[in-house]
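Here the structure comes first, spelled out in structure tokens, and everything after it is commentary.
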Amino acid sequence: MYAVVAGGGKVGANVARSLLRLGHEVTLIEQRRDRFERLEEEFEHQVQRGDATELHVLERAGVARPPDLVLALTGDDEDNLVIAQIAKEKYGVEKVISRVNDPRNQAHFDLLGIAPTVCATSSIMALVEHEVPEHDLIHLLELRQENLEIVEVQIDRDSPSAGKHIEALDLPDGARLISVMRAGHAEIAVGSTQLEAGDQVLAILEPGKEDELRRVLLRR
Amino acid sequence: MNALIIGCGRVGSSIAIQLQQEGWDVTVVDENEDALSRLGDHWAGSFIVGHGMDVDLLREAGIEEADAVIAATDGDNTNVVIGQVAQKRFDIGCVVVRVLDPARADFYVDRGLRVVCPTKTAIDTLTEAVRSCQIPSAKVVT
């Protein structure tokens, strides 16, 4: 596989190194001279110096071949957005993965159809939410392209759903229960599954249905 | 009519003053509060400190009521992202974007942005200026 990695900071350099170790062909692009010189000692001809949002720099790195994969991993979200747009739409690169630095910019990537994206801050916050639950409904996974999300809900003694069969719950449209975890064992949720206090329930739902789901399962 | 200008450098501030003199209600956004001084002592429009990629700030700056949005920061990529957000998310009909790099300018023109490329204008104007010089023919021949 041939991959172009834009951005030679910690993320880009580590990704490039990992891809090379897996035996892939890689070109890393870094703009800053000091960083480039350090990278050159390790990556030799596999790192090029330049602004990866400039077409001639991308072309020198072989974007017109086109590569199997372009990774937009700079520390600037606007640069990553532009790199992704150029790679996809001008050079027909099929797979582009972009880094989102500021989670508030995620909406811009979504708006411009840049997917998949990876945001370290969002991932860490999702883990924090999972490890230190402040909310009764925890977001586990966002399926952006599908416009769905997977959440976890803990059923407790006061929950109106405790003791009920799933088929008897008045679940909102656009929300389904996936599985029920009880005493360390998970089972696929079916109509006849009876919920109990202490169950951890996974649900898939359209964004915005959280409150309705919460009401049915937890009455909150 | 309302104009929202992102970037208050030499270009953004001059457009702001010009449009205001023509009767527009103008709001200017810049990351640096010192940029306000570029608008002069008699600036009667709004000035907001912040980054143009910030959607909450764009709302505060009145993008939803804007008739025109001008992205004129010193970053080409910032401008094309703000321009596309104004066009696609806020449905602004008149979005004008400054892009210095001619290659990127062409790419975004093809994608439906109204791009102004000062570098291209300079190249054309300078080339034309050279062509129009009256150079004695004796000097041209080596």
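By order of appearance in the structure tokens: chains A, B, ..., then residues from 1 within every chain, and ligands from 1 in the order shown.
Look at Arg99 (chain A): the protein and nucleic acid residues within 6 Å of it, using only C-alpha atoms and passing over chain neighbours fewer than 5 places away, are A:Leu73, A:Thr117, A:Val118, A:Cys119.
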Which residues are close to region 6-10 of chain A, i.e. within 9 Å by only C-alpha atoms, leaving aside same-chain residues fewer than 6 positions away? Reply as a PyMOL selection string. chain A and resi 16+27-32+35-36+39+47+51-53+58+70-75+80+83
Filtering to N, CA and C atoms, could you give me those residues as a tab-separated table (two decimals), in the first residue's frame?
chain	number	residue	atom	x	y	z
A	16	ALA	N	3.67	7.31	10.44
A	16	ALA	CA	4.54	6.97	9.31
A	16	ALA	C	5.47	5.81	9.69
A	27	THR	N	5.25	8.31	2.16
A	27	THR	CA	5.93	9.61	2.06
A	27	THR	C	5.33	10.51	3.13
A	28	LEU	N	6.21	11.06	3.95
A	28	LEU	CA	5.81	11.96	5.03
A	28	LEU	C	6.12	13.38	4.59
A	29	ILE	N	5.19	14.31	4.85
A	29	ILE	CA	5.42	15.71	4.46
A	29	ILE	C	5.43	16.58	5.72
A	30	GLU	N	6.50	17.37	5.86
A	30	GLU	CA	6.59	18.28	7.01
A	30	GLU	C	7.06	19.64	6.53
A	31	GLN	N	6.41	20.67	7.05
A	31	GLN	CA	6.71	22.02	6.59
A	31	GLN	C	7.87	22.67	7.36
A	32	ARG	N	7.89	22.48	8.67
A	32	ARG	CA	8.89	23.21	9.48
A	32	ARG	C	10.28	22.64	9.28
A	35	ARG	N	11.88	20.56	12.29
A	35	ARG	CA	11.29	19.22	12.39
A	35	ARG	C	11.71	18.34	11.21
A	36	PHE	N	11.69	18.95	10.03
A	36	PHE	CA	12.04	18.19	8.83
A	36	PHE	C	13.44	17.61	8.94
A	39	LEU	N	13.48	14.71	11.21
A	39	LEU	CA	12.81	13.56	10.59
A	39	LEU	C	13.66	12.93	9.49
A	47	VAL	N	10.81	11.33	3.67
A	47	VAL	CA	10.18	12.55	4.18
A	47	VAL	C	10.52	13.69	3.22
A	51	ASP	N	4.65	22.56	2.35
A	51	ASP	CA	3.31	22.80	2.87
A	51	ASP	C	2.36	21.84	2.15
A	52	ALA	N	1.84	20.88	2.87
A	52	ALA	CA	1.03	19.84	2.24
A	52	ALA	C	-0.32	20.34	1.74
A	53	THR	N	-0.61	21.62	1.95
A	53	THR	CA	-1.85	22.14	1.35
A	53	THR	C	-1.55	22.77	-0.02
A	58	LEU	N	2.04	18.25	-2.74
A	58	LEU	CA	1.34	16.96	-2.74
A	58	LEU	C	1.70	16.15	-3.98
A	70	VAL	N	-4.41	8.72	2.08
A	70	VAL	CA	-3.81	9.98	2.49
A	70	VAL	C	-4.23	10.24	3.93
A	71	LEU	N	-3.27	10.58	4.77
A	71	LEU	CA	-3.55	10.87	6.17
A	71	LEU	C	-3.27	12.34	6.43
A	72	ALA	N	-4.29	13.10	6.78
A	72	ALA	CA	-4.13	14.53	7.05
A	72	ALA	C	-3.98	14.70	8.55
A	73	LEU	N	-2.74	14.80	9.02
A	73	LEU	CA	-2.48	14.70	10.46
A	73	LEU	C	-1.74	15.91	11.02
A	74	THR	N	-1.88	17.07	10.37
A	74	THR	CA	-1.19	18.25	10.89
A	74	THR	C	-1.90	18.74	12.15
A	75	GLY	N	-1.30	19.71	12.80
A	75	GLY	CA	-1.88	20.27	14.02
A	75	GLY	C	-2.87	21.38	13.73
A	80	ASN	N	-5.85	20.37	7.60
A	80	ASN	CA	-6.28	18.98	7.41
A	80	ASN	C	-7.53	18.90	6.53
A	83	ILE	N	-6.37	19.62	2.91
A	83	ILE	CA	-5.61	18.47	2.38
A	83	ILE	C	-6.59	17.35	2.00
Report as a tab-separated table: every residue of region 3-59 of chain A with an atom at most 12 Å from region 89-98 of chain A, its closest pair of atoms, and their distance in Å to one decimal, counting only C-alpha atoms, with rows sorted by chain and ascending residue number.
residue	atom	partner	partner_atom	distance
A:Ala3	CA	A:Lys95	CA	9.7
A:Val4	CA	A:Val96	CA	9.6
A:Val5	CA	A:Ile97	CA	9.7
A:Ala6	CA	A:Ser98	CA	9.6
A:Gly7	CA	A:Ser98	CA	10.9
A:Val11	CA	A:Ser98	CA	11.4
A:Gly12	CA	A:Ser98	CA	10.9
A:Val15	CA	A:Ile97	CA	11.7
A:Leu55	CA	A:Lys90	CA	9.6
A:Leu58	CA	A:Tyr91	CA	9.9
A:Glu59	CA	A:Tyr91	CA	9.4
Writing out the chosen residues with C-alpha atoms as a PDB file, in the first residue's frame:
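For reference, result.pdb as written:
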ATOM      1  CA  ALA A   3       0.340   6.190   1.925  1.00  0.00           C
ATOM      2  CA  VAL A   4       1.017   9.929   2.016  1.00  0.00           C
ATOM      3  CA  VAL A   5       1.202  11.303   5.544  1.00  0.00           C
ATOM      4  CA  ALA A   6       0.763  15.080   5.853  1.00  0.00           C
ATOM      5  CA  GLY A   7       2.219  16.499   9.051  1.00  0.00           C
ATOM      6  CA  VAL A  11       1.150  11.912  15.467  1.00  0.00           C
ATOM      7  CA  GLY A  12       2.281  11.992  11.835  1.00  0.00           C
ATOM      8  CA  VAL A  15       1.955   6.859  12.114  1.00  0.00           C
ATOM      9  CA  LEU A  55      -0.758  21.191  -4.817  1.00  0.00           C
ATOM     10  CA  LEU A  58       1.335  16.961  -2.743  1.00  0.00           C
ATOM     11  CA  GLU A  59       2.161  16.119  -6.353  1.00  0.00           C
TER      12      GLU A  59
END
Set out as a tab-separated table a contact list for region 34-82 of chain B and region 19-23 of chain B with a cut-off of 12 Å, giving each residue of region 34-82 of chain B that qualifies its closest atom pair and distance in Å to one decimal, counting only C-alpha atoms, ordered by chain and rising residue number.
residue	atom	partner	partner_atom	distance
B:Leu39	CA	B:Gln20	CA	10.6
B:His42	CA	B:Gln20	CA	11.0
B:Trp43	CA	B:Gln20	CA	8.9
B:Ala44	CA	B:Gln20	CA	8.5
B:Gly45	CA	B:Gln20	CA	7.7
B:Ser46	CA	B:Gln20	CA	10.8
B:Ala68	CA	B:Leu19	CA	10.8
B:Val69	CA	B:Leu19	CA	12.0
B:Ile70	CA	B:Leu19	CA	11.3
In terms of the shortest atom-to-atom distance over only C-alpha atoms, which of A:Ser179, A:Leu218, A:Glu210, A:Thr121 is closest to Asp158 (chain A)?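 Of A:Ser179, A:Leu218, A:Glu210, A:Thr121, the one nearest Asp158 (chain A) is A:Leu218, counting only C-alpha atoms.
Residues from chain B that have an atom within 7 Å of chain A, counting only C-alpha atoms, are Asn77, Thr78, Val81, Val85 and Ala103 of chain B.
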Requested write-out: C-alpha atoms of the selected residues, as an mmCIF file, in the first residue's frame:
data_model
loop_
_atom_site.group_PDB
_atom_site.id
_atom_site.type_symbol
_atom_site.label_atom_id
_atom_site.label_comp_id
_atom_site.auth_asym_id
_atom_site.auth_seq_id
_atom_site.Cartn_x
_atom_site.Cartn_y
_atom_site.Cartn_z
ATOM 1 C CA ASN B 77 -7.038 27.429 4.319
ATOM 2 C CA THR B 78 -8.836 29.291 7.086
ATOM 3 C CA VAL B 81 -13.074 26.638 5.334
ATOM 4 C CA VAL B 85 -19.159 26.981 6.255
ATOM 5 C CA ALA B 103 -3.429 26.662 -7.471
#
Which is closer to Met1 (chain B) than all the others in B:Asn32, B:Ser137, B:Thr27, B:Asn79, using only C-alpha atoms?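 So, comparing all the options, the nearest one is B:Thr27.
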Identify, with DSSP run on backbone atoms, the residues in region 1-140 of chain B assigned to helix (DSSP H, G or I), and express the list as a ChimeraX atom specification. /B:10-21,33-39,55-60,63-65,76-88,102-110,118-131,137-140
Distance query region 134-151 of chain A at most 9 Å, only C-alpha atoms, self and fewer than 5 positions along chain excluded, as a list of chain:residue names: A:Asp110, A:Gly113, A:Ala115, A:Pro116, A:Ala126, A:Leu127, A:Glu129, A:Gly174, A:Ile178, A:Val201, A:Leu202, A:Ala203, A:Ile204, A:Leu205, A:Glu206, A:Pro207, A:Glu210, A:Arg214, A:Leu218
Those same residues - N, CA and C atoms - I'd like them written as a tab-separated table (two decimals), in the first residue's frame.
chain	number	residue	atom	x	y	z
A	110	ASP	N	-17.65	17.29	9.21
A	110	ASP	CA	-18.90	16.60	8.86
A	110	ASP	C	-19.62	17.34	7.73
A	113	GLY	N	-18.14	16.70	4.44
A	113	GLY	CA	-18.09	15.30	4.04
A	113	GLY	C	-16.72	14.67	4.20
A	115	ALA	N	-14.57	12.28	6.02
A	115	ALA	CA	-14.68	11.16	6.96
A	115	ALA	C	-13.83	10.01	6.44
A	116	PRO	N	-13.26	9.19	7.28
A	116	PRO	CA	-13.36	9.26	8.74
A	116	PRO	C	-12.41	10.28	9.34
A	126	ALA	N	-14.68	10.60	25.79
A	126	ALA	CA	-15.61	9.46	25.80
A	126	ALA	C	-15.17	8.44	26.84
A	127	LEU	N	-13.85	8.24	26.93
A	127	LEU	CA	-13.33	7.31	27.93
A	127	LEU	C	-13.57	7.84	29.35
A	129	GLU	N	-15.91	9.76	30.29
A	129	GLU	CA	-17.34	9.60	30.57
A	129	GLU	C	-17.65	8.15	30.96
A	174	GLY	N	-36.60	5.04	16.15
A	174	GLY	CA	-35.22	5.47	16.01
A	174	GLY	C	-34.36	5.10	17.20
A	178	ILE	N	-29.63	-3.18	22.00
A	178	ILE	CA	-28.75	-4.13	21.32
A	178	ILE	C	-28.48	-5.33	22.22
A	201	VAL	N	-27.26	-1.88	29.63
A	201	VAL	CA	-27.94	-2.07	28.35
A	201	VAL	C	-27.26	-1.21	27.29
A	202	LEU	N	-26.94	-1.84	26.15
A	202	LEU	CA	-26.46	-1.07	25.01
A	202	LEU	C	-27.64	-0.77	24.10
A	203	ALA	N	-27.68	0.46	23.61
A	203	ALA	CA	-28.76	0.83	22.69
A	203	ALA	C	-28.17	1.57	21.50
A	204	ILE	N	-28.82	1.42	20.35
A	204	ILE	CA	-28.43	2.18	19.17
A	204	ILE	C	-29.57	3.14	18.88
A	205	LEU	N	-29.23	4.39	18.59
A	205	LEU	CA	-30.31	5.36	18.39
A	205	LEU	C	-29.86	6.51	17.51
A	206	GLU	N	-30.86	7.21	16.98
A	206	GLU	CA	-30.58	8.42	16.22
A	206	GLU	C	-30.25	9.52	17.22
A	207	PRO	N	-29.25	10.37	16.89
A	207	PRO	CA	-28.92	11.46	17.80
A	207	PRO	C	-30.17	12.29	18.09
A	210	GLU	N	-32.02	10.63	22.87
A	210	GLU	CA	-31.52	10.24	24.19
A	210	GLU	C	-32.57	10.45	25.29
A	214	ARG	N	-34.13	7.68	27.70
A	214	ARG	CA	-33.91	7.82	29.13
A	214	ARG	C	-35.25	7.72	29.88
A	218	LEU	N	-35.39	4.81	32.28
A	218	LEU	CA	-35.00	5.29	33.62
A	218	LEU	C	-35.99	6.27	34.25
Residue nearest Cys94 (chain B) - candidates B:Asp124, B:Asp67, B:Asp41, B:Asp74, atoms counted: only C-alpha atoms: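 Closest residue, counting only C-alpha atoms: B:Asp67.
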As a PyMOL selection string, please: the residues near Arg157 (chain A) (cut-off 8 Å, only C-alpha atoms, same-chain neighbours under 5 positions excluded). chain A and resi 162+196-198
Please save N, CA and C atoms of the selected residues as a PDB file, in the first residue's frame.
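See part-v1.pdb below for the written result:
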ATOM      1  N   ALA A 162     -37.116  -1.844  34.932  1.00  0.00           N
ATOM      2  CA  ALA A 162     -36.643  -3.023  35.665  1.00  0.00           C
ATOM      3  C   ALA A 162     -37.800  -3.998  35.857  1.00  0.00           C
ATOM      4  N   GLU A 196     -33.373  -6.272  34.344  1.00  0.00           N
ATOM      5  CA  GLU A 196     -33.281  -6.312  35.804  1.00  0.00           C
ATOM      6  C   GLU A 196     -32.410  -5.162  36.300  1.00  0.00           C
ATOM      7  N   ALA A 197     -32.587  -4.831  37.564  1.00  0.00           N
ATOM      8  CA  ALA A 197     -31.733  -3.808  38.152  1.00  0.00           C
ATOM      9  C   ALA A 197     -30.280  -4.259  38.067  1.00  0.00           C
ATOM     10  N   GLY A 198     -29.401  -3.341  37.718  1.00  0.00           N
ATOM     11  CA  GLY A 198     -27.990  -3.670  37.595  1.00  0.00           C
ATOM     12  C   GLY A 198     -27.578  -3.996  36.170  1.00  0.00           C
TER      13      GLY A 198
END
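Shortest atom-to-atom contact with Arg21 (chain A) among A:Val132, A:Arg33, A:Asp68, A:Phe43: A:Phe43, counting only C-alpha atoms.
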Could you give me, as a ChimeraX atom specification, each residue of region 121-192 of chain A that DSSP assigns to strand (DSSP E or B) when run on this structure's backbone? /A:137-143,148-154,165,175-182,185-188
